[in-house]
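K.L.:
Got a structure for you, written out below as structure tokens; questions coming shortly.
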Amino acid sequence: MSEVRGPKPILILDSGVGGLTVLREARVLMPDRRFVYVADDAGFPYGGWEEDALRERLVSLFGRLIENHDPLACVIACNTASTLALDALRAAYPKMRFVGTVPAIKPAAERTRSGLVTVLATPGTVKRQYTRDLIVQWASKCEVELVGSVALAGLAETYMREGFVDEGRVLAEIAPCFIERDGRRTDIVVLACTHYPFLVNRMRKLAPWPVDWLDPAEAIARQTMRVVGEEGERSMDWGFDPAIFTSGAADQASRRIVHGFGLTT
């Protein structure tokens, strides 16, 4: 990992390309900020990790990233990593500001008309007590279905790399999201993984009825803008932002994806 010189960047990390949805929104809101995008492809997918091991990995990885890049703030653009490791990261690096990603349960509860809301997430996010606490806190008057998808993040990565996806597999992953009960239907699906918005057009096509798909990216970007405020040097003149792959061996498809988002490897 090479050191980034110049103005302090905002660091955005995800296990793969999913966090690019957050980067895209952050640039819209903060076009004069510098960013560093970190794809922890050596650890992908996070959902397959044992919890203590993943937490330890994230604490160690962020230690190196903070030392090398001295960021204004670190954005964890991943629900699984945030719900698992955010408290540990804040304890380990108390001088660093961390912005986490949590399922958008509160806005879903505010918007639903039918009272039937689904949270589509990785199995790790679904089983976290953090997620269930959010439901108790913000959606106690709703019926919330938790759907843990094993394959959807990987399908999104494949789609970004290869330009196509097996729609039958996507349908199989999202089918449990759609509930009919007492004449009511699910009307909101919370996309509780930053990878999922890359497939949202396919999801809309395959859905048995229209729903509001809640993408967390803009909310994460807005929170990041609030956290950094006016701090740090700002300019439009420092060229491409870097993308870092923790494997150290990004393939051609990965490089093409990040280059498409204005990043250099």
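Each chain of the structure tokens is named A, B, ... in the order shown, its residues numbered from 1; ligands are numbered from 1 in display order.
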Step one, run DSSP on the backbone; step two, keep only residues of segment 3-38 of chain A assigned to strand (DSSP E); then write them as a list in words.

P.N.:
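Checking each residue of segment 3-38 of chain A, the strand (DSSP E) ones are Ile10, Leu11, Ile12, Leu13, Asp14, Phe35, Val36, Tyr37 and Val38 of chain A.
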
K.L.:
Skipping near chain neighbours, those fewer than 2 positions away, what residues fall within 7 Å of Val102 of chain A using only C-alpha atoms, listed as a PyMOL selection string?

P.N.:
chain A and resi 79+82-83+100+104

K.L.:
Which residue is closest to Thr122 of chain A? Choose from A:Thr194, A:Arg90, A:Gly47, A:Thr158 and count only C-alpha atoms.

P.N.:
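Residue with the minimum atom-to-atom distance to Thr122 of chain A: A:Gly47.
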
K.L.:
Go through A:Asp32, A:Asp14, A:Asp215, A:Asp187 one by one, measure the shortest atom-to-atom distance of each to Glu230 of chain A using only C-alpha atoms, and give the residue with the smallest value.

P.N.:
A:Asp32

K.L.:
Return as an NGL selection string the full set of residues in segment 31-251 of chain A whose backbone-based DSSP assignment is alpha helix (DSSP H).

P.N.:
:A and (51-69 or 79-92 or 105-111 or 123-127 or 129-138 or 152-162 or 167-174 or 200-206 or 217-228)

K.L.:
Residues near Ser149 of chain A, anyone? I mean within 9 Å using only C-alpha atoms, not counting same-chain ones fewer than 4 positions away, as a compact mmCIF listing (two decimals) with C-alpha atoms, in the first residue's frame.

P.N.:
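Output file part_35.txt follows:
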```txt
# COMPACT_ATOMS: atom_id res chain seq x y z
CA LEU A 120 -32.26 -7.75 2.13
CA ALA A 121 -28.76 -8.29 3.47
CA THR A 122 -25.89 -10.72 3.83
CA PRO A 123 -26.43 -13.52 6.37
CA ALA A 153 -23.02 -9.78 -3.40
CA GLU A 173 -32.28 -14.53 -3.98
CA ILE A 174 -34.91 -11.77 -3.94
```

K.L.:
Which one of A:Thr264, A:Thr118, A:Thr224, A:Thr246 sits closest to Val22 of chain A if you count only C-alpha atoms?

P.N.:
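The closest residue to Val22 of chain A is A:Thr224.
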
K.L.:
Write out as a ChimeraX atom specification the residues lying within 7 Å of Leu11 of chain A, counting only C-alpha atoms and excluding same-chain residues fewer than 5 positions away.

P.N.:
/A:35-37,71,73-75

K.L.:
With a distance cut-off of 12 Å and only C-alpha atoms, select the neighbouring residues of Ala92 of chain A, excluding the residue or stretch itself and same-chain residues fewer than 2 positions from it, and output the selection as an NGL selection string.

P.N.:
:A and (55-56 or 58-63 or 66 or 85-90 or 94-98)

K.L.:
Report as a tab-separated table the residues of segment 84-171 of chain A within 10 Å of segment 196-205 of chain A, each with its shortest atom pair and distance in Å (one decimal), using only C-alpha atoms, ordered by chain and increasing residue number.

P.N.:
```
residue	atom	partner	partner_atom	distance
A:Leu120	CA	A:Tyr196	CA	8.9
A:Ala121	CA	A:Tyr196	CA	8.7
A:Leu152	CA	A:Tyr196	CA	7.1
A:Ala153	CA	A:Tyr196	CA	6.5
A:Gly154	CA	A:Tyr196	CA	9.6
A:Leu155	CA	A:Leu199	CA	8.4
A:Ala156	CA	A:Leu199	CA	6.1
A:Glu157	CA	A:Phe198	CA	8.6
A:Tyr159	CA	A:Leu199	CA	7.7
A:Met160	CA	A:Phe198	CA	7.5
A:Val165	CA	A:Leu199	CA	8.9
A:Asp166	CA	A:Arg202	CA	10.0
A:Glu167	CA	A:Arg202	CA	7.4
A:Val170	CA	A:Met203	CA	7.3
A:Leu171	CA	A:Met203	CA	7.4
```

K.L.:
Near Trp49 of chain A, within 12 Å and counting only C-alpha atoms, which residues show up once chain neighbours fewer than 4 positions away are dropped, as a list in words?

P.N.:
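Result of the neighbour search: Ser15, Ala42, Gly43, Phe44, Pro45, Ala53, Leu54, Arg55, Glu56, Arg57, Leu58, Thr80, Ala81, Leu84, Thr122, Pro123 and Gly124 of chain A.
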
K.L.:
One decimal, in Å: what's the spacing between atom CA of Tyr93 of chain A and atom CA of Arg234 of chain A?

P.N.:
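Distance reported for this atom pair: 24.5 Å.
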
K.L.:
How many Å lie between atom CA of Arg222 of chain A and atom CA of Gln137 of chain A, rounded to one decimal?

P.N.:
21.9 Å

K.L.:
So, with only C-alpha atoms as the atoms that count, which of A:Val99, A:Met225, A:Leu13, A:Ala172 lies closest to Val38 of chain A?

P.N.:
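Result for the nearest residue to Val38 of chain A: A:Leu13.
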
K.L.:
Quick one: residues within 9 Å of segment 256-259 of chain A, only C-alpha atoms counted, chain neighbours fewer than 6 positions away excluded, as a list in words?

P.N.:
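Surrounding residues, per the criterion: Val17, Leu20, Tyr37, Met160, Arg161, Ala243 and Thr265 of chain A.
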
K.L.:
Quick one: of A:Thr125, A:Thr186, A:Asn68, A:Gln223, who's nearest to Pro210 of chain A, counting only C-alpha atoms?

P.N.:
A:Thr186

K.L.:
Considering only C-alpha atoms, can you say which of A:Pro103, A:Ile244, A:Gly148, A:Asp40 comes closest to Lys127 of chain A?

P.N.:
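Ranking A:Pro103, A:Ile244, A:Gly148, A:Asp40 by distance to Lys127 of chain A, first place goes to A:Gly148.
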